[in-house]
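Q: Once you've had a glance at the structure underneath, I'll fire off some questions.
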Amino acid sequence: MAAINGCGFFSLSLMQMVSFASPLWGHQLQLSAVMLGLVLSARTITPLVYSIHFGALMDSIGVRRLMLVFTLVCIVLPVLHPLFPGLGALFALQIGLGLGAATVWLAAQTAVARHAAGERTRIARFFFFTAAGNIVGPPLVGVAWTAAGHWGGFGLISLWAAVLFGFVLALPGDAVAGRRRFDWWVLLPDIRAYGRAWRVFLRPVTTFAVLCALLRFCSISIQDSFYPFYMKEMGFSPATIGMLLAIGSAVGAPASLAAGWWTRLAGNERRAAVLAVALSITAIGLTPVYGHFWMFAVAIAVHGFGMAVSMPLIVVLLSSGIPRHEQGVTAALRATANRVAAFVVPPVMGVVVQVAGLESAFLALAAVLVLMTFALEMAFRRL
């Protein structure tokens with residue numbers, strides 16, 4: 001668990017650091033709102049295609065081997081951004097880095113789901129460490145970017161991935177996986193994995209959890225795309241924006257341990273997950289209403305609480321209702337839902353920004369997502 005928790009600390013935070021640095025880089029390159037949305041959406045294309053295949057692959061070749069390969073990708077690609085500042089190179093690098101960061105986080109989740117086997121305390125502790133990583137990572141990127149520019153920000157991300165590589169090396173071999181060799185041919189999508197994933201998805205508990213994860217990640221996609229862009233437009237420095245993101249994670253770290261209390265308050269795990277997701281969407285969607293730093297800080301704290309409480313509840317629903325040998329596919333379904341949200345939200349929001357303005361885009365998207373969240377609760381109220 002020490003190695004798994006270490007991977008959790010450095011893997012989710014790695015995704016958040018990439019998500020934080022990319023809009024800053026787009027702002028520095030003076031991209032339009034629509035183009036920025038397309039660039040940020042580009043990093044979700046390959047995870048959207050590959051999440052299910054890689055989830056099934058973890059069940060056959062093991063988590064550790066796949067994670068080693070893609071951690072190396074995350075070491076190399078960030079520092080290539082300043083070397084190739086062209087728009088075409090930016091699209092290519094975002095596609096590759098998006099796949100690498102998403103895969104290592106998917107692998108870390110698969111590792112803890114297998115090891116914890118539905119035990120809420122171990123799962124909550126893992127997400128405590130992931131939230132703690134988010135307290136440290138994004139602010140460091142903000143400080144490095146403010147002090148040393150884009151070289152400092154992207155260089156720090158590569159260094160962070162290098163430390164993660166050390167924790168991946170400490171992971172034990174996966175006894176669940178078969179003896180299939182790792183070679184580059186295994187990266188080709190296997191259509192059978194998608195059929196297997198579809199059968200798992202049709203189970204009611206899986207359908208609910210995956211759709212809830214999708215709506216949850218829509219909120220994260222707003223934070224990861226136009227939130228830093230908006231704050232930069234408001235005149236906040238990268239270091240200050242990083243501090244705000246850290247506040248959300250600082251609240252999220254202990255909040256992930258409060259999943260049991262939140263469940264008792266809501267009545268059951270399904271309702272608790274829905275309420276937490278709706279709370280986080282509302283907090284981030286009302287961003288244009290806030291006028292002072294302390295208001296932004298309170299709102300991002302509420303957003304972090306909702307994010308942190310909802311995640312272990314979704315994982316508990318899945319890990320307790322799905323056999324151990326299907327945990328890789330289950331994590332991949334959840335990751336695919338996340339990638340769908342990350343693929344759709346930035347370009348849609350970019351178009352709304354272009355048509356109606358940045359403030360209207362936040363408010364309109366949040367209203368739609370909250371309505372969809374409560375519609376999900378009504379559809380699965382007998383689960």
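By order of appearance in the structure tokens: chains A, B, ..., then residues from 1 within every chain, and ligands from 1 in the order shown.
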How close does segment 71-182 of chain A get to segment 297-309 of chain A? List, as CSV, each residue of segment 71-182 of chain A within 10 Å, its nearest atom pair and the distance in Å to one decimal, counting only C-alpha atoms.

A:
residue,atom,partner,partner_atom,distance
A:Ala124,CA,A:Val309,CA,8.9
A:Phe127,CA,A:Ala308,CA,7.5
A:Phe128,CA,A:Ala308,CA,8.2
A:Thr130,CA,A:Ala308,CA,9.5
A:Ala131,CA,A:Ala308,CA,7.4

Q: I need the residues from that last selection saved to file as an mmCIF file, in the first residue's frame (with C-alpha atoms), if you can.

A:
data_model
loop_
_atom_site.group_PDB
_atom_site.id
_atom_site.type_symbol
_atom_site.label_atom_id
_atom_site.label_comp_id
_atom_site.auth_asym_id
_atom_site.auth_seq_id
_atom_site.Cartn_x
_atom_site.Cartn_y
_atom_site.Cartn_z
ATOM 1 C CA ALA A 124 -10.349 6.530 1.215
ATOM 2 C CA PHE A 127 -7.600 9.167 -2.262
ATOM 3 C CA PHE A 128 -6.339 11.121 0.733
ATOM 4 C CA THR A 130 -3.968 11.651 -4.191
ATOM 5 C CA ALA A 131 -5.589 14.823 -2.848
#

Q: List as a ChimeraX atom specification the protein and nucleic acid residues near Val274 of chain A, meaning an atom at most 12 Å away when only C-alpha atoms are counted, but skip any in the same chain fewer than 6 places from it.

A: /A:208-216,262-263,266-268,280-281,306-307,309-311,313-314,369-381

Q: Output N, CA and C atoms for every residue in the selection just made, as a CSV table (one decimal), in the first residue's frame.

A:
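Now in result.csv:
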chain,number,residue,atom,x,y,z
A,208,PHE,N,-24.7,3.4,-13.4
A,208,PHE,CA,-24.9,4.6,-12.5
A,208,PHE,C,-23.5,5.2,-12.2
A,209,ALA,N,-22.6,4.3,-11.7
A,209,ALA,CA,-21.3,4.9,-11.3
A,209,ALA,C,-20.5,5.5,-12.4
A,210,VAL,N,-20.6,4.9,-13.6
A,210,VAL,CA,-19.8,5.5,-14.7
A,210,VAL,C,-20.5,6.8,-15.2
A,211,LEU,N,-21.8,6.9,-15.2
A,211,LEU,CA,-22.4,8.2,-15.6
A,211,LEU,C,-22.2,9.3,-14.5
A,212,CYS,N,-22.2,8.8,-13.3
A,212,CYS,CA,-21.9,9.8,-12.2
A,212,CYS,C,-20.4,10.3,-12.3
A,213,ALA,N,-19.5,9.4,-12.7
A,213,ALA,CA,-18.1,9.8,-12.9
A,213,ALA,C,-18.0,10.8,-14.0
A,214,LEU,N,-18.8,10.5,-15.1
A,214,LEU,CA,-18.8,11.4,-16.2
A,214,LEU,C,-19.2,12.9,-15.8
A,215,LEU,N,-20.3,13.0,-15.1
A,215,LEU,CA,-20.8,14.3,-14.7
A,215,LEU,C,-19.8,14.9,-13.7
A,216,ARG,N,-19.2,14.1,-12.8
A,216,ARG,CA,-18.2,14.6,-11.9
A,216,ARG,C,-17.0,15.2,-12.7
A,262,TRP,N,-20.5,11.4,5.1
A,262,TRP,CA,-21.3,12.0,4.1
A,262,TRP,C,-22.4,11.0,3.6
A,263,THR,N,-22.0,9.7,3.5
A,263,THR,CA,-23.0,8.7,3.2
A,263,THR,C,-24.1,8.6,4.2
A,266,ALA,N,-26.4,11.6,3.8
A,266,ALA,CA,-27.3,11.5,2.6
A,266,ALA,C,-28.2,10.4,2.6
A,267,GLY,N,-27.9,9.3,3.3
A,267,GLY,CA,-28.8,8.2,3.4
A,267,GLY,C,-28.3,6.9,2.7
A,268,ASN,N,-27.6,7.0,1.6
A,268,ASN,CA,-26.9,5.9,1.0
A,268,ASN,C,-25.8,6.4,0.0
A,280,SER,N,-20.1,20.2,-6.2
A,280,SER,CA,-18.9,20.6,-6.9
A,280,SER,C,-19.1,21.4,-8.2
A,281,ILE,N,-20.1,20.9,-9.0
A,281,ILE,CA,-20.4,21.6,-10.2
A,281,ILE,C,-20.9,23.1,-9.9
A,306,GLY,N,-16.5,18.5,-2.7
A,306,GLY,CA,-17.4,17.6,-3.5
A,306,GLY,C,-16.7,16.6,-4.3
A,307,MET,N,-15.6,17.0,-5.0
A,307,MET,CA,-14.7,16.1,-5.8
A,307,MET,C,-14.2,15.0,-4.9
A,309,VAL,N,-15.1,13.8,-1.9
A,309,VAL,CA,-16.1,12.9,-1.3
A,309,VAL,C,-16.7,12.0,-2.3
A,310,SER,N,-16.9,12.5,-3.5
A,310,SER,CA,-17.6,11.7,-4.5
A,310,SER,C,-16.8,10.5,-5.1
A,311,MET,N,-15.4,10.8,-5.2
A,311,MET,CA,-14.6,9.8,-5.9
A,311,MET,C,-14.5,8.4,-5.1
A,313,LEU,N,-16.6,7.2,-3.1
A,313,LEU,CA,-18.0,6.6,-3.2
A,313,LEU,C,-18.2,5.8,-4.5
A,314,ILE,N,-17.8,6.5,-5.6
A,314,ILE,CA,-17.9,5.8,-6.9
A,314,ILE,C,-17.0,4.6,-7.0
A,369,LEU,N,-25.4,20.9,-16.3
A,369,LEU,CA,-24.8,19.7,-15.6
A,369,LEU,C,-25.5,19.4,-14.3
A,370,VAL,N,-25.9,20.4,-13.5
A,370,VAL,CA,-26.6,20.1,-12.3
A,370,VAL,C,-28.0,19.4,-12.6
A,371,LEU,N,-28.7,19.9,-13.6
A,371,LEU,CA,-30.0,19.3,-14.0
A,371,LEU,C,-29.7,17.8,-14.4
A,372,MET,N,-28.7,17.6,-15.1
A,372,MET,CA,-28.4,16.2,-15.6
A,372,MET,C,-28.0,15.3,-14.4
A,373,THR,N,-27.4,15.9,-13.4
A,373,THR,CA,-27.0,15.1,-12.2
A,373,THR,C,-28.2,14.6,-11.4
A,374,PHE,N,-29.2,15.5,-11.2
A,374,PHE,CA,-30.4,15.1,-10.5
A,374,PHE,C,-31.3,14.2,-11.3
A,375,ALA,N,-31.2,14.4,-12.6
A,375,ALA,CA,-31.9,13.4,-13.5
A,375,ALA,C,-31.4,12.0,-13.3
A,376,LEU,N,-30.0,11.9,-13.2
A,376,LEU,CA,-29.4,10.6,-13.0
A,376,LEU,C,-29.9,10.0,-11.7
A,377,GLU,N,-30.0,10.8,-10.6
A,377,GLU,CA,-30.5,10.3,-9.3
A,377,GLU,C,-31.9,9.8,-9.5
A,378,MET,N,-32.8,10.5,-10.2
A,378,MET,CA,-34.1,10.0,-10.3
A,378,MET,C,-34.2,8.7,-11.1
A,379,ALA,N,-33.3,8.6,-12.1
A,379,ALA,CA,-33.4,7.4,-13.0
A,379,ALA,C,-32.9,6.1,-12.2
A,380,PHE,N,-32.0,6.3,-11.2
A,380,PHE,CA,-31.5,5.1,-10.5
A,380,PHE,C,-31.9,5.2,-9.0
A,381,ARG,N,-33.0,5.7,-8.7
A,381,ARG,CA,-33.4,5.9,-7.3
A,381,ARG,C,-33.7,4.5,-6.7

Q: Find, counting only C-alpha atoms, the residue in A:Leu29, A:Val104, A:Leu169, A:Ile220 that gets nearest to Ala341 of chain A.

A: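 Residue with the minimum atom-to-atom distance to Ala341 of chain A: A:Ile220.
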
Q: Write out as an MDAnalysis selection string each polymer residue whose atoms come within 8 Å of Pro139 of chain A, counting only C-alpha atoms; drop sequence neighbours fewer than 6 positions from it.

A: chainID A and resid 239:243 245:246

Q: With only C-alpha atoms counted and 8 Å as the cut-off, give the residues of segment 46-81 of chain A in contact with segment 89-93 of chain A, each with its shortest interatomic distance in Å and the pair that gives it, as a tab-separated table.

A:
residue	atom	partner	partner_atom	distance
A:Leu77	CA	A:Leu93	CA	6.5
A:Pro78	CA	A:Leu93	CA	7.9
A:Leu80	CA	A:Leu93	CA	7.7
A:His81	CA	A:Leu90	CA	6.8

Q: Those same residues, written as an mmCIF file, in the first residue's frame with N, CA and C atoms?

A:
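Saved as part_13.cif:
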data_model
loop_
_atom_site.group_PDB
_atom_site.id
_atom_site.type_symbol
_atom_site.label_atom_id
_atom_site.label_comp_id
_atom_site.auth_asym_id
_atom_site.auth_seq_id
_atom_site.Cartn_x
_atom_site.Cartn_y
_atom_site.Cartn_z
ATOM 1 N N LEU A 77 7.844 14.139 -22.561
ATOM 2 C CA LEU A 77 7.037 15.048 -23.379
ATOM 3 C C LEU A 77 6.857 16.463 -22.825
ATOM 4 N N PRO A 78 6.752 16.671 -21.507
ATOM 5 C CA PRO A 78 6.550 18.059 -21.047
ATOM 6 C C PRO A 78 7.634 19.025 -21.499
ATOM 7 N N LEU A 80 9.361 19.006 -24.061
ATOM 8 C CA LEU A 80 9.354 19.242 -25.502
ATOM 9 C C LEU A 80 8.431 20.400 -25.891
ATOM 10 N N HIS A 81 7.511 20.795 -24.991
ATOM 11 C CA HIS A 81 6.592 21.894 -25.306
ATOM 12 C C HIS A 81 7.332 23.199 -25.618
#

Q: Compile the contact shell of Ser22 of chain A as a PyMOL selection string: residues with an atom at most 8 Å away, counting only C-alpha atoms, same-chain residues fewer than 4 positions apart removed.

A: chain A and resi 18+26+40

Q: Excluding Gln16 of chain A and any residue of its chain fewer than 6 positions from it, enumerate the residues within 9 Å of it, using only C-alpha atoms, and give them as a ChimeraX atom specification.

A: /A:134,137-138,224

Q: Using the selection just defined, write its residues with C-alpha atoms as a tab-separated table (two decimals), in the first residue's frame.

A:
chain	number	residue	atom	x	y	z
A	134	ASN	CA	-2.74	17.95	-5.62
A	137	GLY	CA	1.84	19.75	-7.35
A	138	PRO	CA	-0.17	22.57	-9.00
A	224	ASP	CA	-8.81	22.21	-15.99

Q: Report as a PyMOL selection string all protein, DNA and RNA residues lying within 8 Å of Val344 of chain A, evaluated on only C-alpha atoms, omitting residues in the same chain fewer than 4 positions from it.

A: chain A and resi 41+340+348

Q: Grab the residues selected above and save them as an mmCIF file, in the first residue's frame with C-alpha atoms.

A:
data_model
loop_
_atom_site.group_PDB
_atom_site.id
_atom_site.type_symbol
_atom_site.label_atom_id
_atom_site.label_comp_id
_atom_site.auth_asym_id
_atom_site.auth_seq_id
_atom_site.Cartn_x
_atom_site.Cartn_y
_atom_site.Cartn_z
ATOM 1 C CA SER A 41 -9.656 18.550 -25.946
ATOM 2 C CA VAL A 340 -15.617 11.834 -22.809
ATOM 3 C CA VAL A 348 -18.211 23.287 -26.202
#

Q: As a PyMOL selection string, please: the residues near Ile191 of chain A (cut-off 12 Å, only C-alpha atoms, same-chain neighbours under 5 positions excluded).

A: chain A and resi 49-50+52-54+56+196-198

Q: Of the candidates A:Ala250, A:Leu97, A:Leu24, A:Ala107, which shows the shortest atom-to-atom distance to Ile61 of chain A, using only C-alpha atoms?

A: A:Ala107

Q: Mind giving me the straight-line distance from atom CA of Leu140 of chain A to atom CA of Leu156 of chain A in Å, one decimal?

A: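 Value for the atom CA of Leu140 of chain A-atom CA of Leu156 of chain A distance: 7.8 Å.
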
Q: I need the residues of segment 175-268 of chain A that end up classed as helix (DSSP H, G or I) by DSSP on the backbone, written out as a short mmCIF file (atom, residue, chain, number, x, y, z; two decimals) with N, CA and C atoms, in the first residue's frame.

A:
data_model
loop_
_atom_site.label_atom_id
_atom_site.label_comp_id
_atom_site.auth_asym_id
_atom_site.auth_seq_id
_atom_site.Cartn_x
_atom_site.Cartn_y
_atom_site.Cartn_z
N TRP A 184 5.17 -4.00 -28.27
CA TRP A 184 4.44 -2.87 -28.83
C TRP A 184 3.15 -3.29 -29.52
N TRP A 185 3.02 -4.57 -29.90
CA TRP A 185 1.80 -5.03 -30.55
C TRP A 185 0.61 -5.01 -29.61
N VAL A 186 0.86 -5.14 -28.30
CA VAL A 186 -0.27 -5.17 -27.37
C VAL A 186 -0.95 -3.80 -27.27
N LEU A 187 -0.31 -2.75 -27.79
CA LEU A 187 -0.92 -1.43 -27.76
C LEU A 187 -2.01 -1.25 -28.81
N ILE A 191 -10.73 -5.43 -30.13
CA ILE A 191 -12.18 -5.22 -30.16
C ILE A 191 -12.90 -6.06 -29.12
N ARG A 192 -12.31 -7.20 -28.73
CA ARG A 192 -12.95 -8.04 -27.72
C ARG A 192 -13.01 -7.34 -26.38
N ALA A 193 -12.02 -6.52 -26.08
CA ALA A 193 -12.01 -5.78 -24.80
C ALA A 193 -13.19 -4.82 -24.72
N TYR A 194 -13.56 -4.23 -25.85
CA TYR A 194 -14.67 -3.28 -25.86
C TYR A 194 -16.00 -4.00 -25.67
N GLY A 195 -16.13 -5.20 -26.24
CA GLY A 195 -17.33 -5.99 -26.02
C GLY A 195 -17.46 -6.41 -24.57
N ARG A 196 -16.35 -6.82 -23.99
CA ARG A 196 -16.35 -7.20 -22.57
C ARG A 196 -16.71 -6.00 -21.70
N ALA A 197 -16.15 -4.83 -22.02
CA ALA A 197 -16.44 -3.62 -21.24
C ALA A 197 -17.91 -3.24 -21.35
N TRP A 198 -18.49 -3.40 -22.53
CA TRP A 198 -19.91 -3.08 -22.71
C TRP A 198 -20.79 -3.96 -21.84
N ARG A 199 -20.45 -5.24 -21.75
CA ARG A 199 -21.24 -6.15 -20.90
C ARG A 199 -21.14 -5.76 -19.43
N VAL A 200 -19.96 -5.33 -19.00
CA VAL A 200 -19.79 -4.88 -17.62
C VAL A 200 -20.57 -3.58 -17.40
N PHE A 201 -20.55 -2.69 -18.38
CA PHE A 201 -21.22 -1.40 -18.26
C PHE A 201 -22.73 -1.56 -18.09
N PRO A 204 -26.46 -2.47 -13.71
CA PRO A 204 -26.99 -1.19 -13.21
C PRO A 204 -26.03 -0.41 -12.33
N VAL A 205 -25.33 -1.08 -11.42
CA VAL A 205 -24.42 -0.36 -10.54
C VAL A 205 -23.28 0.27 -11.33
N THR A 206 -22.82 -0.44 -12.38
CA THR A 206 -21.76 0.11 -13.21
C THR A 206 -22.26 1.30 -14.04
N THR A 207 -23.45 1.17 -14.60
CA THR A 207 -24.01 2.26 -15.40
C THR A 207 -24.14 3.53 -14.58
N PHE A 208 -24.70 3.38 -13.37
CA PHE A 208 -24.86 4.56 -12.51
C PHE A 208 -23.51 5.17 -12.17
N ALA A 209 -22.56 4.34 -11.71
CA ALA A 209 -21.27 4.85 -11.27
C ALA A 209 -20.50 5.53 -12.41
N VAL A 210 -20.56 4.95 -13.60
CA VAL A 210 -19.84 5.52 -14.74
C VAL A 210 -20.45 6.85 -15.16
N LEU A 211 -21.79 6.93 -15.22
CA LEU A 211 -22.44 8.19 -15.59
C LEU A 211 -22.20 9.26 -14.52
N CYS A 212 -22.18 8.85 -13.26
CA CYS A 212 -21.89 9.79 -12.18
C CYS A 212 -20.45 10.30 -12.31
N ALA A 213 -19.53 9.39 -12.66
CA ALA A 213 -18.14 9.78 -12.87
C ALA A 213 -18.02 10.76 -14.04
N LEU A 214 -18.83 10.55 -15.09
CA LEU A 214 -18.79 11.45 -16.25
C LEU A 214 -19.20 12.86 -15.85
N LEU A 215 -20.30 12.98 -15.10
CA LEU A 215 -20.75 14.31 -14.67
C LEU A 215 -19.76 14.94 -13.70
N ARG A 216 -19.18 14.12 -12.84
CA ARG A 216 -18.16 14.62 -11.92
C ARG A 216 -16.99 15.21 -12.69
N PHE A 217 -16.57 14.52 -13.75
CA PHE A 217 -15.40 14.99 -14.49
C PHE A 217 -15.72 16.19 -15.36
N CYS A 218 -16.99 16.41 -15.69
CA CYS A 218 -17.35 17.65 -16.38
C CYS A 218 -16.96 18.86 -15.54
N SER A 219 -17.18 18.74 -14.23
CA SER A 219 -16.78 19.81 -13.32
C SER A 219 -15.27 20.00 -13.32
N ILE A 220 -14.54 18.88 -13.31
CA ILE A 220 -13.08 18.96 -13.34
C ILE A 220 -12.61 19.54 -14.66
N SER A 221 -13.30 19.21 -15.76
CA SER A 221 -12.90 19.72 -17.07
C SER A 221 -13.05 21.23 -17.16
N ILE A 222 -14.06 21.78 -16.49
CA ILE A 222 -14.20 23.24 -16.43
C ILE A 222 -13.00 23.83 -15.69
N GLN A 223 -12.65 23.20 -14.55
CA GLN A 223 -11.51 23.68 -13.76
C GLN A 223 -10.20 23.55 -14.53
N ASP A 224 -10.06 22.48 -15.30
CA ASP A 224 -8.81 22.21 -15.99
C ASP A 224 -8.66 22.96 -17.30
N SER A 225 -9.70 23.62 -17.77
CA SER A 225 -9.62 24.29 -19.07
C SER A 225 -9.73 25.80 -18.92
N PHE A 226 -10.93 26.29 -18.68
CA PHE A 226 -11.13 27.74 -18.72
C PHE A 226 -11.03 28.41 -17.35
N TYR A 227 -10.95 27.63 -16.28
CA TYR A 227 -10.76 28.26 -14.97
C TYR A 227 -9.42 28.97 -14.87
N PRO A 228 -8.28 28.32 -15.18
CA PRO A 228 -7.01 29.07 -15.18
C PRO A 228 -7.00 30.22 -16.18
N PHE A 229 -7.62 30.00 -17.33
CA PHE A 229 -7.68 31.04 -18.36
C PHE A 229 -8.46 32.25 -17.83
N TYR A 230 -9.61 32.00 -17.18
CA TYR A 230 -10.42 33.08 -16.63
C TYR A 230 -9.67 33.83 -15.53
N MET A 231 -9.02 33.07 -14.65
CA MET A 231 -8.28 33.71 -13.55
C MET A 231 -7.12 34.55 -14.08
N LYS A 232 -6.49 34.08 -15.15
CA LYS A 232 -5.42 34.86 -15.77
C LYS A 232 -5.99 36.15 -16.36
N GLU A 233 -7.17 36.06 -16.98
CA GLU A 233 -7.83 37.25 -17.51
C GLU A 233 -8.19 38.23 -16.39
N PRO A 238 0.17 33.12 -12.15
CA PRO A 238 0.15 31.66 -12.09
C PRO A 238 0.35 31.11 -10.67
N ALA A 239 1.20 31.77 -9.88
CA ALA A 239 1.42 31.32 -8.50
C ALA A 239 0.14 31.42 -7.69
N THR A 240 -0.63 32.49 -7.86
CA THR A 240 -1.89 32.67 -7.13
C THR A 240 -2.93 31.66 -7.59
N ILE A 241 -2.99 31.42 -8.90
CA ILE A 241 -3.94 30.43 -9.41
C ILE A 241 -3.59 29.05 -8.85
N GLY A 242 -2.30 28.73 -8.82
CA GLY A 242 -1.86 27.46 -8.24
C GLY A 242 -2.23 27.35 -6.78
N MET A 243 -2.16 28.49 -6.07
CA MET A 243 -2.54 28.49 -4.65
C MET A 243 -4.02 28.18 -4.48
N LEU A 244 -4.86 28.74 -5.37
CA LEU A 244 -6.29 28.45 -5.30
C LEU A 244 -6.58 26.98 -5.55
N LEU A 245 -5.91 26.41 -6.55
CA LEU A 245 -6.08 24.99 -6.82
C LEU A 245 -5.64 24.15 -5.63
N ALA A 246 -4.58 24.60 -4.95
CA ALA A 246 -4.09 23.88 -3.77
C ALA A 246 -5.09 23.94 -2.63
N ILE A 247 -5.81 25.05 -2.52
CA ILE A 247 -6.82 25.18 -1.47
C ILE A 247 -7.90 24.12 -1.67
N GLY A 248 -8.33 23.95 -2.93
CA GLY A 248 -9.32 22.92 -3.21
C GLY A 248 -8.82 21.54 -2.83
N SER A 249 -7.57 21.26 -3.14
CA SER A 249 -6.99 19.96 -2.81
C SER A 249 -6.77 19.80 -1.32
N ALA A 250 -6.42 20.91 -0.64
CA ALA A 250 -6.20 20.86 0.81
C ALA A 250 -7.48 20.49 1.54
N VAL A 251 -8.60 21.00 1.05
CA VAL A 251 -9.89 20.61 1.63
C VAL A 251 -10.22 19.17 1.22
N GLY A 252 -9.87 18.82 0.00
CA GLY A 252 -10.20 17.50 -0.51
C GLY A 252 -9.48 16.37 0.19
N ALA A 253 -8.25 16.61 0.65
CA ALA A 253 -7.48 15.53 1.27
C ALA A 253 -8.19 14.94 2.49
N PRO A 254 -8.55 15.75 3.50
CA PRO A 254 -9.30 15.16 4.63
C PRO A 254 -10.74 14.81 4.26
N ALA A 255 -11.32 15.53 3.28
CA ALA A 255 -12.71 15.26 2.91
C ALA A 255 -12.88 13.86 2.34
N SER A 256 -11.83 13.34 1.66
CA SER A 256 -11.94 11.98 1.11
C SER A 256 -12.10 10.94 2.21
N LEU A 257 -11.64 11.27 3.42
CA LEU A 257 -11.80 10.37 4.56
C LEU A 257 -13.18 10.50 5.20
N ALA A 258 -13.96 11.50 4.75
CA ALA A 258 -15.28 11.74 5.32
C ALA A 258 -16.39 11.11 4.49
N ALA A 259 -16.02 10.20 3.59
CA ALA A 259 -17.03 9.59 2.72
C ALA A 259 -18.09 8.85 3.53
N GLY A 260 -17.68 8.19 4.61
CA GLY A 260 -18.64 7.46 5.44
C GLY A 260 -19.63 8.40 6.11
N TRP A 261 -19.12 9.50 6.66
CA TRP A 261 -20.00 10.50 7.29
C TRP A 261 -20.96 11.10 6.28
N TRP A 262 -20.46 11.44 5.10
CA TRP A 262 -21.30 12.03 4.06
C TRP A 262 -22.38 11.04 3.60
N THR A 263 -22.03 9.74 3.54
CA THR A 263 -23.00 8.72 3.15
C THR A 263 -24.11 8.62 4.18
N ARG A 264 -23.75 8.62 5.46
CA ARG A 264 -24.77 8.57 6.51
C ARG A 264 -25.68 9.80 6.46
N LEU A 265 -25.10 10.94 6.15
CA LEU A 265 -25.87 12.19 6.06
C LEU A 265 -26.85 12.14 4.90
N ALA A 266 -26.42 11.58 3.76
CA ALA A 266 -27.26 11.53 2.55
C ALA A 266 -28.24 10.37 2.58
#

Q: Would you mind reading off the distance between atom CA of Leu106 of chain A and atom CA of Arg271 of chain A, one decimal, in Å?

A: 24.9 Å

Q: Would you mind reading off the distance between atom CA of Leu318 of chain A and atom CA of Ser51 of chain A, one decimal, in Å?

A: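 Computing it gives 16.6 Å between the two atoms.
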
Q: Quick one: of A:His27, A:Ile157, A:Val315, A:Val277, who's nearest to Val141 of chain A, counting only C-alpha atoms?

A: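 Residue with the minimum atom-to-atom distance to Val141 of chain A: A:Ile157.
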